[in-house]
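Next comes structure-v8.pdb, with PDB, C-alpha atoms (C1' of nucleotides).
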ATOM      1  CA  MET A   1     185.912 107.386 161.241
ATOM      2  CA  TYR A   2     183.767 104.374 160.304
ATOM      3  CA  HIS A   3     186.790 102.081 160.259
ATOM      4  CA  LEU A   4     187.215 103.107 156.636
ATOM      5  CA  PRO A   5     190.390 104.884 155.465
ATOM      6  CA  THR A   6     189.919 108.478 154.375
ATOM      7  CA  THR A   7     191.018 107.495 150.896
ATOM      8  CA  THR A   8     187.983 105.260 150.621
ATOM      9  CA  LEU A   9     185.699 108.064 151.782
ATOM     10  CA  ARG A  10     187.322 110.236 149.157
ATOM     11  CA  TYR A  11     186.740 107.555 146.565
ATOM     12  CA  TYR A  12     183.041 107.336 147.469
ATOM     13  CA  GLU A  13     182.869 111.111 147.275
ATOM     14  CA  ASP A  14     184.460 111.068 143.816
ATOM     15  CA  LEU A  15     181.770 108.610 142.733
ATOM     16  CA  GLY A  16     179.065 110.940 144.030
ATOM     17  CA  LEU A  17     177.904 108.569 146.752
ATOM     18  CA  LEU A  18     178.705 111.240 149.355
ATOM     19  CA  TYR A  19     178.483 114.997 148.795
ATOM     20  CA  ASP A  20     177.741 118.358 150.406
ATOM     21  CA  ILE A  21     180.061 117.462 153.239
ATOM     22  CA  PRO A  22     180.600 120.469 155.522
ATOM     23  CA  ARG A  23     184.168 121.466 156.433
ATOM     24  CA  LYS A  24     185.785 122.492 159.648
ATOM     25  CA  GLY A  25     188.746 124.435 158.326
ATOM     26  CA  ASN A  26     189.705 122.475 155.252
ATOM     27  CA  ARG A  27     188.769 119.122 156.782
ATOM     28  CA  ARG A  28     185.556 117.221 156.326
ATOM     29  CA  ALA A  29     183.142 117.095 159.254
ATOM     30  CA  TYR A  30     180.607 114.406 158.455
ATOM     31  CA  THR A  31     177.071 114.941 159.740
ATOM     32  CA  GLN A  32     174.774 112.228 161.062
ATOM     33  CA  GLN A  33     173.116 112.117 157.640
ATOM     34  CA  HIS A  34     176.465 111.358 156.042
ATOM     35  CA  LEU A  35     177.201 108.682 158.604
ATOM     36  CA  ASP A  36     173.765 107.170 157.958
ATOM     37  CA  ARG A  37     174.423 107.163 154.251
ATOM     38  CA  LEU A  38     177.837 105.645 154.822
ATOM     39  CA  GLY A  39     176.183 102.944 156.892
ATOM     40  CA  SER A  40     173.824 102.249 154.018
ATOM     41  CA  ILE A  41     176.666 102.185 151.534
ATOM     42  CA  CYS A  42     178.501  99.585 153.629
ATOM     43  CA  CYS A  43     175.350  97.551 154.111
ATOM     44  CA  PHE A  44     174.458  97.443 150.431
ATOM     45  CA  LYS A  45     178.036  96.924 149.392
ATOM     46  CA  ASN A  46     178.476  94.053 151.838
ATOM     47  CA  THR A  47     175.338  92.419 150.515
ATOM     48  CA  GLY A  48     176.697  92.320 146.998
ATOM     49  CA  MET A  49     175.598  95.595 145.464
ATOM     50  CA  THR A  50     178.242  97.315 143.363
ATOM     51  CA  LEU A  51     179.068 100.969 143.892
ATOM     52  CA  SER A  52     177.645 101.630 140.451
ATOM     53  CA  GLU A  53     174.318 100.090 141.506
ATOM     54  CA  LEU A  54     174.438 102.255 144.598
ATOM     55  CA  GLN A  55     174.850 105.296 142.361
ATOM     56  CA  THR A  56     171.704 104.200 140.549
ATOM     57  CA  LEU A  57     169.791 103.615 143.780
ATOM     58  CA  PHE A  58     170.806 106.978 145.203
ATOM     59  CA  SER A  59     169.976 108.729 141.933
ATOM     60  CA  TYR A  60     166.372 107.626 142.437
ATOM     61  CA  SER A  61     166.287 109.474 145.777
ATOM     62  CA  GLU A  62     167.443 112.779 144.304
ATOM     63  CA  HIS A  63     165.307 115.548 142.777
ATOM     64  CA  GLY A  64     161.820 114.428 143.734
ATOM     65  CA  GLY A  65     162.648 110.751 144.005
ATOM     66  CA  ASP A  66     161.217 107.839 142.104
ATOM     67  CA  LEU A  67     159.681 105.878 144.966
ATOM     68  CA  ASP A  68     158.476 103.036 142.776
ATOM     69  CA  LYS A  69     161.948 102.406 141.448
ATOM     70  CA  ILE A  70     163.458 102.627 144.925
ATOM     71  CA  VAL A  71     160.942 100.158 146.345
ATOM     72  CA  ASP A  72     161.394  97.801 143.399
ATOM     73  CA  LEU A  73     165.160  97.863 143.705
ATOM     74  CA  LEU A  74     165.091  97.380 147.474
ATOM     75  CA  ASP A  75     162.542  94.603 147.181
ATOM     76  CA  GLN A  76     164.659  92.788 144.635
ATOM     77  CA  HIS A  77     167.772  93.261 146.703
ATOM     78  CA  CYS A  78     165.925  91.836 149.710
ATOM     79  CA  GLN A  79     165.239  88.667 147.757
ATOM     80  CA  GLU A  80     168.844  88.446 146.651
ATOM     81  CA  VAL A  81     169.988  88.700 150.248
ATOM     82  CA  ASP A  82     167.518  85.948 151.158
ATOM     83  CA  GLU A  83     169.182  83.753 148.564
ATOM     84  CA  GLN A  84     172.606  84.713 149.842
ATOM     85  CA  LEU A  85     171.553  83.642 153.333
ATOM     86  CA  THR A  86     170.339  80.298 152.063
ATOM     87  CA  LEU A  87     173.544  79.740 150.119
ATOM     88  CA  LEU A  88     175.746  80.866 152.971
ATOM     89  CA  LYS A  89     174.053  78.396 155.309
ATOM     90  CA  GLN A  90     174.575  75.609 152.779
ATOM     91  CA  ASN A  91     178.214  76.541 152.402
ATOM     92  CA  GLN A  92     178.553  76.649 156.172
ATOM     93  CA  GLN A  93     177.266  73.075 156.281
ATOM     94  CA  HIS A  94     179.783  72.040 153.652
ATOM     95  CA  ILE A  95     182.637  73.572 155.618
ATOM     96  CA  LYS A  96     181.484  71.960 158.847
ATOM     97  CA  ARG A  97     181.347  68.599 157.113
ATOM     98  CA  LYS A  98     184.906  69.159 155.856
ATOM     99  CA  LEU A  99     186.030  70.154 159.339
ATOM    100  CA  HIS A 100     184.518  67.083 160.964
ATOM    101  CA  PHE A 101     185.886  64.890 158.201
ATOM    102  CA  TYR A 102     189.470  66.042 158.769
ATOM    103  CA  GLN A 103     189.070  65.919 162.541
ATOM    104  CA  ASP A 104     187.896  62.335 162.190
ATOM    105  CA  ILE A 105     190.846  61.531 159.927
ATOM    106  CA  ARG A 106     193.175  62.866 162.621
ATOM    107  CA  THR A 107     191.469  60.793 165.280
ATOM    108  CA  ALA A 108     191.599  57.701 163.068
ATOM    109  CA  GLU A 109     195.320  58.204 162.486
ATOM    110  CA  GLN A 110     195.941  58.580 166.192
ATOM    111  CA  THR A 111     193.881  55.531 167.159
ATOM    112  CA  ASN A 112     194.977  53.389 164.216
ATOM    113  CA  THR A 113     191.371  52.843 163.196
ATOM    114  CA  PRO A 114     190.196  52.865 159.578
ATOM    115  CA  LEU A 115     190.107  56.251 157.860
ATOM    116  CA  PRO A 116     186.663  57.781 157.287
ATOM    117  CA  ASP A 117     185.145  57.981 153.822
ATOM    118  CA  TRP A 118     184.016  61.371 152.510
ATOM    119  CA  ASP A 119     180.928  59.744 150.974
ATOM    120  CA  ASN A 120     179.614  59.264 154.502
ATOM    121  CA  TYR A 121     179.792  63.004 155.158
ATOM    122  CA  ARG A 122     178.167  64.261 151.978
ATOM    123  CA  SER A 123     174.662  64.559 153.365
ATOM    124  CA  ARG A 124     175.392  64.816 157.063
ATOM    125  CA  THR A 125     174.487  67.971 159.019
ATOM    126  CA  PHE A 126     176.480  69.414 161.895
ATOM    127  CA  HIS A 127     175.676  72.164 164.378
TER     128      HIS A 127
ATOM    129  CA  MET B   1     180.060  71.978 133.359
ATOM    130  CA  TYR B   2     179.497  73.436 136.840
ATOM    131  CA  HIS B   3     178.019  76.614 135.359
ATOM    132  CA  LEU B   4     181.582  77.936 135.185
ATOM    133  CA  PRO B   5     183.109  78.920 131.830
ATOM    134  CA  THR B   6     185.959  76.722 130.651
ATOM    135  CA  THR B   7     188.272  79.730 130.885
ATOM    136  CA  THR B   8     187.685  79.838 134.621
ATOM    137  CA  LEU B   9     188.417  76.137 134.945
ATOM    138  CA  ARG B  10     191.608  76.782 132.986
ATOM    139  CA  TYR B  11     192.449  79.627 135.316
ATOM    140  CA  TYR B  12     191.998  77.404 138.374
ATOM    141  CA  GLU B  13     194.139  74.796 136.702
ATOM    142  CA  ASP B  14     196.881  77.382 136.044
ATOM    143  CA  LEU B  15     196.793  78.231 139.751
ATOM    144  CA  GLY B  16     197.231  74.563 140.622
ATOM    145  CA  LEU B  17     193.820  74.251 142.257
ATOM    146  CA  LEU B  18     192.933  71.521 139.773
ATOM    147  CA  TYR B  19     195.369  69.068 138.227
ATOM    148  CA  ASP B  20     195.852  65.545 136.840
ATOM    149  CA  ILE B  21     192.740  65.972 134.778
ATOM    150  CA  PRO B  22     192.325  63.041 132.388
ATOM    151  CA  ARG B  23     191.654  63.725 128.720
ATOM    152  CA  LYS B  24     189.281  62.273 126.192
ATOM    153  CA  GLY B  25     191.100  63.116 122.984
ATOM    154  CA  ASN B  26     192.592  66.503 123.725
ATOM    155  CA  ARG B  27     189.638  67.567 125.904
ATOM    156  CA  ARG B  28     189.377  67.459 129.652
ATOM    157  CA  ALA B  29     187.117  64.821 131.191
ATOM    158  CA  TYR B  30     186.677  65.757 134.832
ATOM    159  CA  THR B  31     186.276  62.920 137.319
ATOM    160  CA  GLN B  32     184.003  62.951 140.368
ATOM    161  CA  GLN B  33     187.028  63.877 142.484
ATOM    162  CA  HIS B  34     187.601  66.924 140.333
ATOM    163  CA  LEU B  35     183.953  67.894 140.539
ATOM    164  CA  ASP B  36     184.106  67.480 144.319
ATOM    165  CA  ARG B  37     187.144  69.679 144.472
ATOM    166  CA  LEU B  38     185.481  72.213 142.234
ATOM    167  CA  GLY B  39     182.513  72.188 144.585
ATOM    168  CA  SER B  40     184.865  72.880 147.469
ATOM    169  CA  ILE B  41     186.596  75.658 145.570
ATOM    170  CA  CYS B  42     183.261  77.360 144.904
ATOM    171  CA  CYS B  43     182.155  76.879 148.499
ATOM    172  CA  PHE B  44     185.317  78.329 150.005
ATOM    173  CA  LYS B  45     185.510  81.083 147.432
ATOM    174  CA  ASN B  46     181.893  82.080 148.018
ATOM    175  CA  THR B  47     182.512  82.242 151.746
ATOM    176  CA  GLY B  48     185.279  84.767 151.320
ATOM    177  CA  MET B  49     188.406  82.688 150.901
ATOM    178  CA  THR B  50     190.782  83.919 148.216
ATOM    179  CA  LEU B  51     192.155  81.548 145.591
ATOM    180  CA  SER B  52     195.565  82.062 147.132
ATOM    181  CA  GLU B  53     194.259  80.881 150.521
ATOM    182  CA  LEU B  54     192.757  77.910 148.739
ATOM    183  CA  GLN B  55     196.182  77.128 147.308
ATOM    184  CA  THR B  56     197.505  77.151 150.855
ATOM    185  CA  LEU B  57     194.699  74.963 152.167
ATOM    186  CA  PHE B  58     195.130  72.442 149.357
ATOM    187  CA  SER B  59     198.900  72.430 149.820
ATOM    188  CA  TYR B  60     198.319  71.055 153.322
ATOM    189  CA  SER B  61     196.470  68.077 151.840
ATOM    190  CA  GLU B  62     199.311  67.121 149.490
ATOM    191  CA  HIS B  63     202.249  64.806 150.215
ATOM    192  CA  GLY B  64     201.304  63.315 153.561
ATOM    193  CA  GLY B  65     199.060  66.154 154.623
ATOM    194  CA  ASP B  66     199.328  68.409 157.639
ATOM    195  CA  LEU B  67     196.060  67.546 159.361
ATOM    196  CA  ASP B  68     196.569  69.990 162.233
ATOM    197  CA  LYS B  69     196.948  72.892 159.852
ATOM    198  CA  ILE B  70     193.955  71.793 157.803
ATOM    199  CA  VAL B  71     191.767  71.472 160.883
ATOM    200  CA  ASP B  72     192.969  74.822 162.234
ATOM    201  CA  LEU B  73     192.308  76.567 158.951
ATOM    202  CA  LEU B  74     188.871  74.985 158.550
ATOM    203  CA  ASP B  75     187.981  75.741 162.150
ATOM    204  CA  GLN B  76     188.927  79.365 161.748
ATOM    205  CA  HIS B  77     187.070  79.613 158.481
ATOM    206  CA  CYS B  78     183.999  78.151 160.178
ATOM    207  CA  GLN B  79     184.077  80.967 162.708
ATOM    208  CA  GLU B  80     184.484  83.546 159.968
ATOM    209  CA  VAL B  81     181.440  82.168 158.197
ATOM    210  CA  ASP B  82     179.530  82.348 161.479
ATOM    211  CA  GLU B  83     180.372  86.023 161.664
ATOM    212  CA  GLN B  84     179.395  86.493 158.041
ATOM    213  CA  LEU B  85     176.012  84.947 158.798
ATOM    214  CA  THR B  86     175.483  87.281 161.739
ATOM    215  CA  LEU B  87     176.460  90.304 159.679
ATOM    216  CA  LEU B  88     174.379  89.240 156.714
ATOM    217  CA  LYS B  89     171.311  88.906 158.938
ATOM    218  CA  GLN B  90     171.937  92.371 160.355
ATOM    219  CA  ASN B  91     172.328  93.808 156.879
ATOM    220  CA  GLN B  92     169.159  92.035 155.832
ATOM    221  CA  GLN B  93     167.344  93.794 158.674
ATOM    222  CA  HIS B  94     168.752  97.123 157.560
ATOM    223  CA  ILE B  95     167.569  96.574 154.000
ATOM    224  CA  LYS B  96     164.110  95.484 155.188
ATOM    225  CA  ARG B  97     163.862  98.618 157.302
ATOM    226  CA  LYS B  98     164.786 100.702 154.254
ATOM    227  CA  LEU B  99     162.233  98.862 152.140
ATOM    228  CA  HIS B 100     159.428  99.394 154.652
ATOM    229  CA  PHE B 101     160.467 102.996 155.111
ATOM    230  CA  TYR B 102     160.164 103.777 151.401
ATOM    231  CA  GLN B 103     156.948 101.770 151.081
ATOM    232  CA  ASP B 104     155.526 103.838 153.935
ATOM    233  CA  ILE B 105     156.667 107.051 152.257
ATOM    234  CA  ARG B 106     154.838 105.979 149.130
ATOM    235  CA  THR B 107     151.678 105.214 151.078
ATOM    236  CA  ALA B 108     151.933 108.514 152.934
ATOM    237  CA  GLU B 109     152.243 110.407 149.657
ATOM    238  CA  GLN B 110     149.232 108.611 148.239
ATOM    239  CA  THR B 111     147.044 109.177 151.315
ATOM    240  CA  ASN B 112     148.312 112.694 151.996
ATOM    241  CA  THR B 113     149.317 111.690 155.523
ATOM    242  CA  PRO B 114     152.547 112.876 157.188
ATOM    243  CA  LEU B 115     155.769 111.337 155.909
ATOM    244  CA  PRO B 116     157.454 108.758 158.143
ATOM    245  CA  ASP B 117     160.660 109.588 159.999
ATOM    246  CA  TRP B 118     163.687 107.313 159.516
ATOM    247  CA  ASP B 119     164.488 107.590 163.216
ATOM    248  CA  ASN B 120     161.420 105.462 163.918
ATOM    249  CA  TYR B 121     162.783 102.647 161.758
ATOM    250  CA  ARG B 122     166.309 102.513 163.126
ATOM    251  CA  SER B 123     165.677  99.780 165.682
ATOM    252  CA  ARG B 124     162.622  98.141 164.221
ATOM    253  CA  THR B 125     162.695  94.520 163.046
ATOM    254  CA  PHE B 126     160.785  93.123 160.088
ATOM    255  CA  HIS B 127     160.224  89.568 158.906
TER     256      HIS B 127
ATOM    257  C1'  DT C   1     207.084 127.077 169.393
ATOM    258  C1'  DC C   2     208.007 122.987 167.398
ATOM    259  C1'  DT C   3     206.966 118.586 165.859
ATOM    260  C1'  DT C   4     204.147 115.078 164.725
ATOM    261  C1'  DT C   5     200.193 113.097 162.857
ATOM    262  C1'  DA C   6     196.308 113.282 160.150
ATOM    263  C1'  DC C   7     194.393 115.498 157.023
ATOM    264  C1'  DT C   8     194.189 117.881 151.931
ATOM    265  C1'  DT C   9     194.339 117.360 146.251
ATOM    266  C1'  DC C  10     195.258 115.007 142.108
ATOM    267  C1'  DA C  11     197.099 111.530 139.271
ATOM    268  C1'  DA C  12     198.806 107.161 138.835
ATOM    269  C1'  DG C  13     199.448 102.391 140.460
ATOM    270  C1'  DT C  14     197.782  97.880 142.382
ATOM    271  C1'  DT C  15     195.284  93.471 143.018
ATOM    272  C1'  DA C  16     192.289  89.586 142.426
ATOM    273  C1'  DA C  17     189.748  87.102 139.482
ATOM    274  C1'  DC C  18     188.673  86.546 135.627
ATOM    275  C1'  DT C  19     188.034  87.454 130.285
ATOM    276  C1'  DT C  20     189.286  88.146 125.590
ATOM    277  C1'  DG C  21     191.883  87.575 121.389
ATOM    278  C1'  DA C  22     194.064  84.894 117.988
ATOM    279  C1'  DA C  23     194.829  80.799 115.875
ATOM    280  C1'  DG C  24     194.113  76.103 115.709
ATOM    281  C1'  DT C  25     191.611  71.338 116.612
ATOM    282  C1'  DT C  26     187.797  68.106 117.314
ATOM    283  C1'  DG C  27     183.462  65.759 118.514
ATOM    284  C1'  DT C  28     178.612  66.027 117.139
ATOM    285  C1'  DA C  29     174.505  67.252 114.529
ATOM    286  C1'  DT C  30     172.615  67.685 109.758
TER     287       DT C  30
ATOM    288  C1'  DA D   1     180.900  64.834 104.339
ATOM    289  C1'  DT D   2     180.540  69.126 106.048
ATOM    290  C1'  DA D   3     179.596  72.649 108.974
ATOM    291  C1'  DC D   4     179.870  74.524 113.427
ATOM    292  C1'  DA D   5     179.899  74.963 118.185
ATOM    293  C1'  DA D   6     182.880  74.007 121.763
ATOM    294  C1'  DC D   7     186.896  72.859 122.947
ATOM    295  C1'  DT D   8     192.476  73.648 122.870
ATOM    296  C1'  DT D   9     196.993  76.909 124.077
ATOM    297  C1'  DC D  10     199.171  81.086 125.266
ATOM    298  C1'  DA D  11     199.554  85.857 126.016
ATOM    299  C1'  DA D  12     197.435  90.001 126.793
ATOM    300  C1'  DG D  13     193.498  92.841 128.316
ATOM    301  C1'  DT D  14     189.691  94.133 131.578
ATOM    302  C1'  DT D  15     187.144  95.589 135.774
ATOM    303  C1'  DA D  16     185.936  97.033 140.377
ATOM    304  C1'  DA D  17     187.433  98.897 144.327
ATOM    305  C1'  DC D  18     190.563 100.617 146.248
ATOM    306  C1'  DT D  19     195.590 102.314 147.381
ATOM    307  C1'  DT D  20     199.788 104.804 146.884
ATOM    308  C1'  DG D  21     202.729 108.652 145.760
ATOM    309  C1'  DA D  22     203.961 113.348 145.894
ATOM    310  C1'  DA D  23     203.544 117.627 147.732
ATOM    311  C1'  DG D  24     201.328 120.590 150.709
ATOM    312  C1'  DT D  25     198.399 122.267 155.053
ATOM    313  C1'  DA D  26     196.829 122.370 159.717
ATOM    314  C1'  DA D  27     195.222 121.136 164.351
ATOM    315  C1'  DA D  28     196.809 119.049 168.682
ATOM    316  C1'  DG D  29     200.203 117.577 172.028
ATOM    317  C1'  DA D  30     205.129 118.238 174.374
TER     318       DA D  30
END

When written as structure tokens, how does the structure in this file appear?
Amino acid sequence: MYHLPTTTLRYYEDLGLLYDIPRKGNRRAYTQQHLDRLGSICCFKNTGMTLSELQTLFSYSEHGGDLDKIVDLLDQHCQEVDEQLTLLKQNQQHIKRKLHFYQDIRTAEQTNTPLPDWDNYRSRTFH
Amino acid sequence: MYHLPTTTLRYYEDLGLLYDIPRKGNRRAYTQQHLDRLGSICCFKNTGMTLSELQTLFSYSEHGGDLDKIVDLLDQHCQEVDEQLTLLKQNQQHIKRKLHFYQDIRTAEQTNTPLPDWDNYRSRTFH
DNA sequence: TCTTTACTTCAAGTTAACTTGAAGTTGTAT
DNA sequence: ATACAACTTCAAGTTAACTTGAAGTAAAGA
């Protein structure tokens, strides 16, 4: 359906993250609203929110809805994702340095030139 | 030490990700090489590599070292991190849309103006 | 019509990555 | 010197997020 196995959808349903799903016969027929919510679940989950935190977030939207809490939580999560982006970019740099380092080792072995020293890669940036 | 509990360091050691750690008395005294390796472990782990994949990667560096496999693995991981970055940015947009949406709902409630419609936020970008 | 494939429920099992418990030792601050 | 926090080993326990098993139902294609 959303490249998620039905068992996972069932699991989310058991947790209360999805509900009021209409049936066609005895099978679930998800509406656009459910697909939207599923999209949100995936998004928040993939940005580090636990399913339990998602329960909390969604609970704020029910019965009236505590907008202040929703906005606060979303705002804080936004910042966390900002930090994740920063970290991920740093880690990407680290991996690229490693990659170039080992490529250069291979070249050095093939050309019988001196092996590179990792210290020379520590602060280098690659693109 | 690296803001990791000693139990986690022990766990990595049990998995063979860290070894030959010198002792001062009966306590571990990590060298710069170990700290470097720990940095790599954290980097790879935080970019989605499992500890078991790390075992594999490190096994290529031992006894001689299969440079082709290392380079291949690093190259592929680089691409995966690229995709992660793309996805994370998309998710960030989604979260920012949600945030603005709920902020606008709040404003609308306060000013007694009509509530916003999520459909108008679906393809909007925020910075 | 028959068969296959994907669904259905419910309970129980799995996996990765730690974490905790128990029992003992040691380097450092008072 | 004496306490005490932080280390030590080893085995066992925890947690989140699924996943699998068993047993049954049902829509869609040959």

Residue neighbourhood DC10 of chain C, 12 Å, all atoms listed in the file, exclusion window fewer than 4 positions, as a list in words: Arg10 and Asp14 of chain A; DG21, DA22, DA23 and DG24 of chain D

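Selection by the PyMOL selection byres ((chain B) within 9 of (chain D)) on the present file picks out Thr6, Asn26, Arg27 and Arg28 of chain B.
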
Atomic distance atom CA of Val71 of chain A - atom CA of Trp118 of chain B, expressed in Å with one decimal: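 Separating atom CA of Val71 of chain A from atom CA of Trp118 of chain B is a distance of 15.2 Å.
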
Counting all atoms listed in the file, chain A residues within 6 Å of chain B, as an MDAnalysis selection string: chainID A and resid 43 74 91 99

Store the residues picked out above in a file with C-alpha atoms, as a PDB file, in the coordinates of the input.
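Resulting contents of selection12.pdb:
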ATOM      1  CA  CYS A  43     175.350  97.551 154.111  1.00  0.00           C
ATOM      2  CA  LEU A  74     165.091  97.380 147.474  1.00  0.00           C
ATOM      3  CA  ASN A  91     178.214  76.541 152.402  1.00  0.00           C
ATOM      4  CA  LEU A  99     186.030  70.154 159.339  1.00  0.00           C
TER       5      LEU A  99
END

Between atom CA of Ile41 of chain A and atom CA of Leu54 of chain A, distance in Å (one decimal):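 Distance reported for this atom pair: 7.3 Å.
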